[in-house]
Each structure stands twice: as structure tokens, then as C-alpha cells.
Amino acid sequence: MALKLYGAPMSTCTCRVLTCFHEKSLDFEFVPVDLFAGEHKQPPFLAKNPFGQIPALEDGDLTLFESRAITSYVAEKFKGTGYDLIRHENLKEAALVKVWTEVESQRYNPAIVPIVFQFLVAPLQGNSPDQSIIDANLEKLGKVLDIYEDRLSSTKYLAGDFYSLADLHHLPYTYYLMKTPAASVVNERPHVKAWWEDISSRPAFKKLTEGMNYVKK
Ligand code: GS8
């Protein structure tokens, strides 16, 4: 039975999972969830994710939510298929992938989400961006990216000289950030900029960016 992903094409967390599917060249069924109609807060979807957020995955009788848990499951289940995102044959490399996926989730994501929200989502809701929220989080993100700059001056990717789930998890939010004036936080750090240009040009991600059209360039 094919994997079934519930989500929306412009949703960052959905795209995180879709990028993983494409890296693994998996067959899957995509079930659109209409956020504007509030479908994610209705009982049928709440049965898949009681927190009422996309994405959710069904694999036979298994239902999962949380995009990073889904990518980890898929990368492990299909470790012999497509690109190896978790370095499953090397314990130390696999551990470093876990370290840097935690860094993305615990340090990068909390700083980048409010910036993207203020620039791109608040205006859709009829509000102007709150500059004080942007400034506070840009400072936090800058500090995280100083550490990335140092790391990426000695390894090509975050976990080592190999692309992994740790890099992949950064793609959707950074893609939106790069469409805002805050893109400078990436562009002014040469190793981070080169890393971004590399990971965002992978075909598995480029397949998705057409659907990520909060903002057209
Ligand atoms: C976050 C999911 C999320 O924010 C994950 O899956 O990684 N930690 C979770 N989903 C958003 C869309 S993200 O692009 C969502 O469903 N928002 C609607 C809402 O919260 O009502």
C-alpha cells in the first residue's frame, strides 16, 4: 500500500516530508488538506493528528504526525532505496546527523519561524509585520548562523561532507526566508550562503518550489 501524505503544497512542514519522499524516489499519494476551510481542525483530520496541524502520514495501519518524525521514519524504512539521508552504515556519521537535526529543530527553527511568519503570513491575515519580533529573532538566528558558518568552513554539510536529513530539514523555511529582506542573514555569511545554494538546488527540492507560492518573485 502506498504512503499517504495529508498536507498542503505551500506548507513548510509538508514540503519537508515531500522533499524526503523525492530524495528516496518513493511512490506516494498526496491528500490535500484545506487549511483555509479549517479542514485540519475537523474530526477526520484530528483523528490523524490531535494537535490539528499538517502534515500527517499514513503507512498502512500506522499514522504519524510531526514532519521530522515522519522523515526519520521514511529515511529508516527505505534506507536501502534512493539517497541515504541518515548514513545508516556508519554509526558515528549517523550520530552526527542526529545532532544536527536536533540543532535545526531546537535552535534554528524557533528563530526562523517567527521571522517568516511576520514577513509572509501576517500580511495574508491583514496585519503588518511586527518589526520588534523580526529584530529579536533575527538576532537569535544570526547567532545560530555564526555557529553554522564556523561548522561549514570545515565540512561541506552540517553533519559532515555528505548531504543528510539534517540539511534537508532546513529547506522549506529557509526558502521562504530568502524571499524576505532577512535573506541577508544567510547572504552575509559566505559558507552558509554556499551551503544554502547547494542544498536548495537539489532536484528533490526544486520539484516542490513551484507549489510554495506564498510569495512570487
Ligand atoms: C509543526 C506543524 C505545523 O506547524 C511539524 O509537523 O513539524 N512541529 C510540526 N503545521 C502548520 C503548517 S506548517 O507549514 C499548520 O498545520 N498550521 C495550521 C495550524 O496550526 O492551525
# chains A, B, ... in the order shown; residues from 1 in each chain; ligands from 1
>>> residues_around(residues="Asp59 (chain A)", least_positions_apart="3", cutoff="9 Å", atoms="only C-alpha atoms", output="number ranges by chain")
A: 1-5, 62-64
>>> write_last_selection(atoms="N, CA, C and O atoms", output="PDB file, in the first residue's frame")
ATOM      1  N   MET A   1       0.854  -1.206   0.000  1.00  0.00           N
ATOM      2  CA  MET A   1       0.000   0.000   0.000  1.00  0.00           C
ATOM      3  C   MET A   1       0.886   1.251   0.000  1.00  0.00           C
ATOM      4  O   MET A   1       1.870   1.303   0.742  1.00  0.00           O
ATOM      5  N   ALA A   2       0.513   2.236  -0.852  1.00  0.00           N
ATOM      6  CA  ALA A   2       1.372   3.430  -0.956  1.00  0.00           C
ATOM      7  C   ALA A   2       1.276   4.293   0.297  1.00  0.00           C
ATOM      8  O   ALA A   2       0.253   4.282   0.994  1.00  0.00           O
ATOM      9  N   LEU A   3       2.344   5.013   0.563  1.00  0.00           N
ATOM     10  CA  LEU A   3       2.326   6.016   1.635  1.00  0.00           C
ATOM     11  C   LEU A   3       1.288   7.065   1.274  1.00  0.00           C
ATOM     12  O   LEU A   3       1.155   7.438   0.103  1.00  0.00           O
ATOM     13  N   LYS A   4       0.597   7.575   2.298  1.00  0.00           N
ATOM     14  CA  LYS A   4      -0.432   8.591   2.063  1.00  0.00           C
ATOM     15  C   LYS A   4      -0.077   9.815   2.894  1.00  0.00           C
ATOM     16  O   LYS A   4      -0.025   9.718   4.133  1.00  0.00           O
ATOM     17  N   LEU A   5       0.194  10.939   2.246  1.00  0.00           N
ATOM     18  CA  LEU A   5       0.569  12.146   2.989  1.00  0.00           C
ATOM     19  C   LEU A   5      -0.551  13.171   2.916  1.00  0.00           C
ATOM     20  O   LEU A   5      -0.988  13.560   1.827  1.00  0.00           O
ATOM     21  N   LEU A  62      -0.336   2.387  10.252  1.00  0.00           N
ATOM     22  CA  LEU A  62       0.444   3.330  11.076  1.00  0.00           C
ATOM     23  C   LEU A  62       0.118   4.769  10.686  1.00  0.00           C
ATOM     24  O   LEU A  62       0.159   5.121   9.504  1.00  0.00           O
ATOM     25  N   THR A  63      -0.214   5.598  11.673  1.00  0.00           N
ATOM     26  CA  THR A  63      -0.450   7.026  11.412  1.00  0.00           C
ATOM     27  C   THR A  63       0.570   7.827  12.197  1.00  0.00           C
ATOM     28  O   THR A  63       0.756   7.595  13.402  1.00  0.00           O
ATOM     29  N   LEU A  64       1.230   8.764  11.517  1.00  0.00           N
ATOM     30  CA  LEU A  64       2.246   9.593  12.169  1.00  0.00           C
ATOM     31  C   LEU A  64       1.965  11.060  11.914  1.00  0.00           C
ATOM     32  O   LEU A  64       1.430  11.425  10.861  1.00  0.00           O
TER      33      LEU A  64
END
>>> residues_around(residues="Asp135 (chain A)", least_positions_apart="6", cutoff="10 Å", atoms="only C-alpha atoms", output="PDB file with all heavy atoms, in the first residue's frame")
ATOM      1  N   ILE A 115      10.135  34.910  12.070  1.00  0.00           N
ATOM      2  CA  ILE A 115      10.540  35.884  11.037  1.00  0.00           C
ATOM      3  C   ILE A 115       9.724  35.654   9.760  1.00  0.00           C
ATOM      4  O   ILE A 115       9.146  36.588   9.187  1.00  0.00           O
ATOM      5  CB  ILE A 115      12.058  35.754  10.731  1.00  0.00           C
ATOM      6  CG1 ILE A 115      12.881  35.971  11.999  1.00  0.00           C
ATOM      7  CG2 ILE A 115      12.465  36.733   9.631  1.00  0.00           C
ATOM      8  CD1 ILE A 115      14.368  35.643  11.844  1.00  0.00           C
ATOM      9  N   LEU A 141      18.702  34.205  15.249  1.00  0.00           N
ATOM     10  CA  LEU A 141      19.069  33.406  14.075  1.00  0.00           C
ATOM     11  C   LEU A 141      20.518  33.688  13.664  1.00  0.00           C
ATOM     12  O   LEU A 141      21.258  32.772  13.289  1.00  0.00           O
ATOM     13  CB  LEU A 141      18.108  33.710  12.913  1.00  0.00           C
ATOM     14  CG  LEU A 141      18.221  32.815  11.694  1.00  0.00           C
ATOM     15  CD1 LEU A 141      17.935  31.354  12.042  1.00  0.00           C
ATOM     16  CD2 LEU A 141      17.267  33.269  10.582  1.00  0.00           C
ATOM     17  N   ALA A 182      15.131  39.673   5.217  1.00  0.00           N
ATOM     18  CA  ALA A 182      16.001  38.990   6.186  1.00  0.00           C
ATOM     19  C   ALA A 182      16.961  38.003   5.515  1.00  0.00           C
ATOM     20  O   ALA A 182      17.799  37.390   6.195  1.00  0.00           O
ATOM     21  CB  ALA A 182      15.156  38.281   7.233  1.00  0.00           C
TER      22      ALA A 182
END
>>> residues_near_ligand(ligand="ligand 1", cutoff="6 Å", atoms="only C-alpha atoms and all ligand atoms", output="list in words")
Ser11, Thr12, Cys13, Gln53, Ile54, Pro55, Glu66, Ser67 and Arg68 of chain A
>>> residues_around(residues="Thr19 (chain A)", least_positions_apart="3", cutoff="9 Å", atoms="only C-alpha atoms", output="NGL selection string")
:A and (14-16 or 22-24 or 168-169 or 171 or 204-208)
>>> write_last_selection(atoms="N, CA and C atoms", output="PDB file, in the first residue's frame")
ATOM      1  N   THR A  14       4.890  20.249   5.383  1.00  0.00           N
ATOM      2  CA  THR A  14       4.535  19.274   4.349  1.00  0.00           C
ATOM      3  C   THR A  14       5.697  19.124   3.373  1.00  0.00           C
ATOM      4  N   CYS A  15       6.287  20.252   2.976  1.00  0.00           N
ATOM      5  CA  CYS A  15       7.389  20.211   1.998  1.00  0.00           C
ATOM      6  C   CYS A  15       8.620  19.505   2.550  1.00  0.00           C
ATOM      7  N   ARG A  16       8.808  19.598   3.864  1.00  0.00           N
ATOM      8  CA  ARG A  16       9.932  18.877   4.483  1.00  0.00           C
ATOM      9  C   ARG A  16       9.786  17.367   4.185  1.00  0.00           C
ATOM     10  N   HIS A  22      10.954  12.621  -2.279  1.00  0.00           N
ATOM     11  CA  HIS A  22      11.596  12.763  -3.600  1.00  0.00           C
ATOM     12  C   HIS A  22      13.048  12.310  -3.564  1.00  0.00           C
ATOM     13  N   GLU A  23      13.749  12.595  -2.457  1.00  0.00           N
ATOM     14  CA  GLU A  23      15.139  12.111  -2.355  1.00  0.00           C
ATOM     15  C   GLU A  23      15.175  10.587  -2.425  1.00  0.00           C
ATOM     16  N   LYS A  24      14.117   9.952  -1.912  1.00  0.00           N
ATOM     17  CA  LYS A  24      14.081   8.490  -1.889  1.00  0.00           C
ATOM     18  C   LYS A  24      13.363   7.917  -3.113  1.00  0.00           C
ATOM     19  N   LEU A 168      18.458  18.766   4.927  1.00  0.00           N
ATOM     20  CA  LEU A 168      17.119  18.759   4.299  1.00  0.00           C
ATOM     21  C   LEU A 168      16.071  19.470   5.164  1.00  0.00           C
ATOM     22  N   HIS A 169      16.130  19.247   6.470  1.00  0.00           N
ATOM     23  CA  HIS A 169      15.100  19.837   7.340  1.00  0.00           C
ATOM     24  C   HIS A 169      15.089  21.361   7.290  1.00  0.00           C
ATOM     25  N   LEU A 171      15.301  23.190   4.580  1.00  0.00           N
ATOM     26  CA  LEU A 171      14.948  23.742   3.264  1.00  0.00           C
ATOM     27  C   LEU A 171      13.695  24.624   3.240  1.00  0.00           C
ATOM     28  N   ALA A 204      15.324  17.182  -5.833  1.00  0.00           N
ATOM     29  CA  ALA A 204      14.220  16.742  -4.959  1.00  0.00           C
ATOM     30  C   ALA A 204      13.493  17.935  -4.355  1.00  0.00           C
ATOM     31  N   PHE A 205      14.209  19.027  -4.084  1.00  0.00           N
ATOM     32  CA  PHE A 205      13.564  20.208  -3.519  1.00  0.00           C
ATOM     33  C   PHE A 205      13.001  21.100  -4.622  1.00  0.00           C
ATOM     34  N   LYS A 206      13.730  21.198  -5.730  1.00  0.00           N
ATOM     35  CA  LYS A 206      13.264  22.086  -6.810  1.00  0.00           C
ATOM     36  C   LYS A 206      11.911  21.648  -7.364  1.00  0.00           C
ATOM     37  N   LYS A 207      11.630  20.346  -7.272  1.00  0.00           N
ATOM     38  CA  LYS A 207      10.316  19.846  -7.702  1.00  0.00           C
ATOM     39  C   LYS A 207       9.182  20.529  -6.949  1.00  0.00           C
ATOM     40  N   LEU A 208       9.463  20.998  -5.723  1.00  0.00           N
ATOM     41  CA  LEU A 208       8.400  21.483  -4.844  1.00  0.00           C
ATOM     42  C   LEU A 208       8.194  22.979  -4.870  1.00  0.00           C
TER      43      LEU A 208
END
>>> atom_distance(atom1="CA of Ile147 (chain A)", atom2="CA of Glu197 (chain A)")
18.1 Å
>>> closest_residue(among="A:Ala166, A:Val192, A:Leu18, A:Val121", to="Ser154 (chain A)", atoms="only C-alpha atoms")
A:Val192
>>> select_by_dssp(residues="region 8-193 of chain A", states="strand (DSSP E or B)", output="PyMOL selection string")
chain A and resi 28-32+56-59+62-65
>>> write_last_selection(atoms="N, CA, C and O atoms", output="PDB file, in the first residue's frame")
ATOM      1  N   PHE A  28       3.882   7.747  -3.670  1.00  0.00           N
ATOM      2  CA  PHE A  28       3.028   8.122  -2.537  1.00  0.00           C
ATOM      3  C   PHE A  28       1.761   8.769  -3.071  1.00  0.00           C
ATOM      4  O   PHE A  28       1.711   9.205  -4.222  1.00  0.00           O
ATOM      5  N   GLU A  29       0.777   8.820  -2.186  1.00  0.00           N
ATOM      6  CA  GLU A  29      -0.467   9.514  -2.533  1.00  0.00           C
ATOM      7  C   GLU A  29      -0.509  10.795  -1.723  1.00  0.00           C
ATOM      8  O   GLU A  29      -0.259  10.766  -0.505  1.00  0.00           O
ATOM      9  N   PHE A  30      -0.808  11.914  -2.381  1.00  0.00           N
ATOM     10  CA  PHE A  30      -0.889  13.194  -1.665  1.00  0.00           C
ATOM     11  C   PHE A  30      -2.355  13.568  -1.475  1.00  0.00           C
ATOM     12  O   PHE A  30      -3.107  13.617  -2.439  1.00  0.00           O
ATOM     13  N   VAL A  31      -2.755  13.797  -0.226  1.00  0.00           N
ATOM     14  CA  VAL A  31      -4.144  14.164   0.057  1.00  0.00           C
ATOM     15  C   VAL A  31      -4.156  15.616   0.544  1.00  0.00           C
ATOM     16  O   VAL A  31      -3.689  15.910   1.652  1.00  0.00           O
ATOM     17  N   PRO A  32      -4.644  16.556  -0.298  1.00  0.00           N
ATOM     18  CA  PRO A  32      -4.631  17.957   0.117  1.00  0.00           C
ATOM     19  C   PRO A  32      -5.572  18.214   1.297  1.00  0.00           C
ATOM     20  O   PRO A  32      -6.681  17.689   1.332  1.00  0.00           O
ATOM     21  N   ALA A  56       0.351  14.899   8.070  1.00  0.00           N
ATOM     22  CA  ALA A  56       0.199  13.593   8.722  1.00  0.00           C
ATOM     23  C   ALA A  56       0.461  12.524   7.667  1.00  0.00           C
ATOM     24  O   ALA A  56       0.201  12.744   6.474  1.00  0.00           O
ATOM     25  N   LEU A  57       0.996  11.414   8.125  1.00  0.00           N
ATOM     26  CA  LEU A  57       1.322  10.315   7.212  1.00  0.00           C
ATOM     27  C   LEU A  57       0.555   9.068   7.613  1.00  0.00           C
ATOM     28  O   LEU A  57       0.456   8.763   8.812  1.00  0.00           O
ATOM     29  N   GLU A  58       0.034   8.369   6.622  1.00  0.00           N
ATOM     30  CA  GLU A  58      -0.495   7.023   6.861  1.00  0.00           C
ATOM     31  C   GLU A  58       0.327   6.029   6.059  1.00  0.00           C
ATOM     32  O   GLU A  58       0.548   6.229   4.856  1.00  0.00           O
ATOM     33  N   ASP A  59       0.804   5.009   6.749  1.00  0.00           N
ATOM     34  CA  ASP A  59       1.518   3.917   6.083  1.00  0.00           C
ATOM     35  C   ASP A  59       0.847   2.637   6.561  1.00  0.00           C
ATOM     36  O   ASP A  59       1.155   2.132   7.647  1.00  0.00           O
ATOM     37  N   LEU A  62      -0.336   2.387  10.252  1.00  0.00           N
ATOM     38  CA  LEU A  62       0.444   3.330  11.076  1.00  0.00           C
ATOM     39  C   LEU A  62       0.118   4.769  10.686  1.00  0.00           C
ATOM     40  O   LEU A  62       0.159   5.121   9.504  1.00  0.00           O
ATOM     41  N   THR A  63      -0.214   5.598  11.673  1.00  0.00           N
ATOM     42  CA  THR A  63      -0.450   7.026  11.412  1.00  0.00           C
ATOM     43  C   THR A  63       0.570   7.827  12.197  1.00  0.00           C
ATOM     44  O   THR A  63       0.756   7.595  13.402  1.00  0.00           O
ATOM     45  N   LEU A  64       1.230   8.764  11.517  1.00  0.00           N
ATOM     46  CA  LEU A  64       2.246   9.593  12.169  1.00  0.00           C
ATOM     47  C   LEU A  64       1.965  11.060  11.914  1.00  0.00           C
ATOM     48  O   LEU A  64       1.430  11.425  10.861  1.00  0.00           O
ATOM     49  N   PHE A  65       2.376  11.909  12.858  1.00  0.00           N
ATOM     50  CA  PHE A  65       2.434  13.347  12.596  1.00  0.00           C
ATOM     51  C   PHE A  65       3.787  13.833  13.098  1.00  0.00           C
ATOM     52  O   PHE A  65       4.604  13.028  13.533  1.00  0.00           O
TER      53      PHE A  65
END
>>> select_by_dssp(residues="region 44-203 of chain A", states="alpha helix (DSSP H)", output="PyMOL selection string")
chain A and resi 44-46+67-77+91-103+109-116+131-151+165-168+171-177+184-187+190-200+203
>>> residues_around(residues="Gly38 (chain A)", least_positions_apart="5", cutoff="12 Å", atoms="only C-alpha atoms", output="MDAnalysis selection string")
chainID A and resid 33 43:46 52:54
>>> write_last_selection(atoms="all heavy atoms", output="mmCIF file, in the first residue's frame")
data_model
loop_
_atom_site.group_PDB
_atom_site.id
_atom_site.type_symbol
_atom_site.label_atom_id
_atom_site.label_comp_id
_atom_site.auth_asym_id
_atom_site.auth_seq_id
_atom_site.Cartn_x
_atom_site.Cartn_y
_atom_site.Cartn_z
ATOM 1 N N VAL A 33 -5.089 19.011 2.248
ATOM 2 C CA VAL A 33 -5.910 19.416 3.396
ATOM 3 C C VAL A 33 -6.135 20.918 3.241
ATOM 4 O O VAL A 33 -5.179 21.681 3.092
ATOM 5 C CB VAL A 33 -5.176 19.122 4.725
ATOM 6 C CG1 VAL A 33 -5.980 19.628 5.919
ATOM 7 C CG2 VAL A 33 -4.902 17.626 4.864
ATOM 8 N N PRO A 43 -12.924 16.688 12.900
ATOM 9 C CA PRO A 43 -12.662 15.340 13.440
ATOM 10 C C PRO A 43 -11.903 14.386 12.516
ATOM 11 O O PRO A 43 -10.996 13.700 12.998
ATOM 12 C CB PRO A 43 -14.063 14.821 13.797
ATOM 13 C CG PRO A 43 -14.835 16.074 14.098
ATOM 14 C CD PRO A 43 -14.311 17.140 13.177
ATOM 15 N N PRO A 44 -12.213 14.310 11.203
ATOM 16 C CA PRO A 44 -11.470 13.317 10.400
ATOM 17 C C PRO A 44 -9.959 13.564 10.419
ATOM 18 O O PRO A 44 -9.179 12.620 10.534
ATOM 19 C CB PRO A 44 -12.042 13.495 8.982
ATOM 20 C CG PRO A 44 -13.378 14.125 9.189
ATOM 21 C CD PRO A 44 -13.260 14.979 10.421
ATOM 22 N N PHE A 45 -9.545 14.845 10.358
ATOM 23 C CA PHE A 45 -8.102 15.095 10.389
ATOM 24 C C PHE A 45 -7.565 15.012 11.818
ATOM 25 O O PHE A 45 -6.454 14.502 12.039
ATOM 26 C CB PHE A 45 -7.727 16.452 9.750
ATOM 27 C CG PHE A 45 -6.220 16.605 9.684
ATOM 28 C CD1 PHE A 45 -5.498 15.990 8.672
ATOM 29 C CD2 PHE A 45 -5.533 17.284 10.683
ATOM 30 C CE1 PHE A 45 -4.098 16.064 8.645
ATOM 31 C CE2 PHE A 45 -4.134 17.364 10.661
ATOM 32 C CZ PHE A 45 -3.422 16.760 9.629
ATOM 33 N N LEU A 46 -8.352 15.464 12.797
ATOM 34 C CA LEU A 46 -7.900 15.381 14.204
ATOM 35 C C LEU A 46 -7.654 13.928 14.629
ATOM 36 O O LEU A 46 -6.849 13.670 15.523
ATOM 37 C CB LEU A 46 -8.919 16.045 15.136
ATOM 38 C CG LEU A 46 -9.007 17.570 15.012
ATOM 39 C CD1 LEU A 46 -10.168 18.103 15.860
ATOM 40 C CD2 LEU A 46 -7.701 18.247 15.431
ATOM 41 N N GLY A 52 -4.076 19.011 15.374
ATOM 42 C CA GLY A 52 -4.710 19.776 14.301
ATOM 43 C C GLY A 52 -3.742 20.524 13.417
ATOM 44 O O GLY A 52 -4.003 21.671 13.041
ATOM 45 N N GLN A 53 -2.623 19.899 13.099
ATOM 46 C CA GLN A 53 -1.651 20.536 12.194
ATOM 47 C C GLN A 53 -1.214 19.549 11.122
ATOM 48 O O GLN A 53 -1.113 18.332 11.385
ATOM 49 C CB GLN A 53 -0.417 20.994 12.979
ATOM 50 C CG GLN A 53 -0.706 22.216 13.861
ATOM 51 C CD GLN A 53 0.564 22.858 14.373
ATOM 52 O OE1 GLN A 53 1.462 22.160 14.825
ATOM 53 N NE2 GLN A 53 0.634 24.163 14.324
ATOM 54 N N ILE A 54 -0.950 20.087 9.940
ATOM 55 C CA ILE A 54 -0.393 19.262 8.860
ATOM 56 C C ILE A 54 1.136 19.293 8.964
ATOM 57 O O ILE A 54 1.674 20.261 9.518
ATOM 58 C CB ILE A 54 -0.855 19.772 7.475
ATOM 59 C CG1 ILE A 54 -0.519 21.263 7.308
ATOM 60 C CG2 ILE A 54 -2.315 19.509 7.264
ATOM 61 C CD1 ILE A 54 -0.711 21.786 5.897
#
>>> residues_around(residues="Tyr108 (chain A)", least_positions_apart="6", cutoff="10 Å", atoms="only C-alpha atoms", output="MDAnalysis selection string")
chainID A and resid 101:102 140:145 170 173:174
>>> write_last_selection(atoms="N, CA, C and O atoms", output="JSON list (two decimals), in the first residue's frame")
[["chain", "number", "residue", "atom", "x", "y", "z"],
["A", 101, "THR", "N", 20.24, 17.42, 13.21],
["A", 101, "THR", "CA", 18.78, 17.53, 13.06],
["A", 101, "THR", "C", 18.18, 18.13, 14.33],
["A", 101, "THR", "O", 17.23, 18.91, 14.28],
["A", 102, "GLU", "N", 18.78, 17.81, 15.49],
["A", 102, "GLU", "CA", 18.33, 18.44, 16.74],
["A", 102, "GLU", "C", 18.61, 19.94, 16.73],
["A", 102, "GLU", "O", 17.80, 20.74, 17.19],
["A", 140, "LYS", "N", 18.67, 36.25, 17.19],
["A", 140, "LYS", "CA", 18.83, 34.84, 17.60],
["A", 140, "LYS", "C", 19.32, 33.99, 16.42],
["A", 140, "LYS", "O", 20.24, 33.18, 16.55],
["A", 141, "LEU", "N", 18.70, 34.20, 15.25],
["A", 141, "LEU", "CA", 19.07, 33.41, 14.08],
["A", 141, "LEU", "C", 20.52, 33.69, 13.66],
["A", 141, "LEU", "O", 21.26, 32.77, 13.29],
["A", 142, "GLY", "N", 20.91, 34.96, 13.76],
["A", 142, "GLY", "CA", 22.29, 35.33, 13.41],
["A", 142, "GLY", "C", 23.30, 34.59, 14.28],
["A", 142, "GLY", "O", 24.34, 34.12, 13.79],
["A", 143, "LYS", "N", 22.98, 34.45, 15.55],
["A", 143, "LYS", "CA", 23.91, 33.76, 16.47],
["A", 143, "LYS", "C", 24.01, 32.27, 16.10],
["A", 143, "LYS", "O", 25.08, 31.68, 16.16],
["A", 144, "VAL", "N", 22.88, 31.68, 15.76],
["A", 144, "VAL", "CA", 22.90, 30.27, 15.33],
["A", 144, "VAL", "C", 23.73, 30.15, 14.04],
["A", 144, "VAL", "O", 24.57, 29.26, 13.89],
["A", 145, "LEU", "N", 23.51, 31.09, 13.12],
["A", 145, "LEU", "CA", 24.20, 31.00, 11.83],
["A", 145, "LEU", "C", 25.70, 31.32, 11.94],
["A", 145, "LEU", "O", 26.48, 30.89, 11.10],
["A", 170, "HIS", "N", 16.19, 21.98, 6.89],
["A", 170, "HIS", "CA", 16.25, 23.45, 6.82],
["A", 170, "HIS", "C", 15.55, 24.03, 5.59],
["A", 170, "HIS", "O", 15.30, 25.24, 5.54],
["A", 173, "TYR", "N", 11.65, 26.40, 5.37],
["A", 173, "TYR", "CA", 11.60, 27.72, 6.00],
["A", 173, "TYR", "C", 12.67, 28.65, 5.43],
["A", 173, "TYR", "O", 12.43, 29.86, 5.26],
["A", 174, "THR", "N", 13.86, 28.10, 5.15],
["A", 174, "THR", "CA", 14.91, 28.98, 4.61],
["A", 174, "THR", "C", 14.51, 29.47, 3.21],
["A", 174, "THR", "O", 14.80, 30.62, 2.85]]
>>> closest_residue(among="A:Gly7, A:Leu35, A:Phe21, A:Val97", to="Lys48 (chain A)", atoms="only C-alpha atoms")
A:Gly7
>>> closest_residue(among="A:Ser200, A:Ser164, A:Leu26, A:Thr155", to="His88 (chain A)", atoms="only C-alpha atoms")
A:Ser164
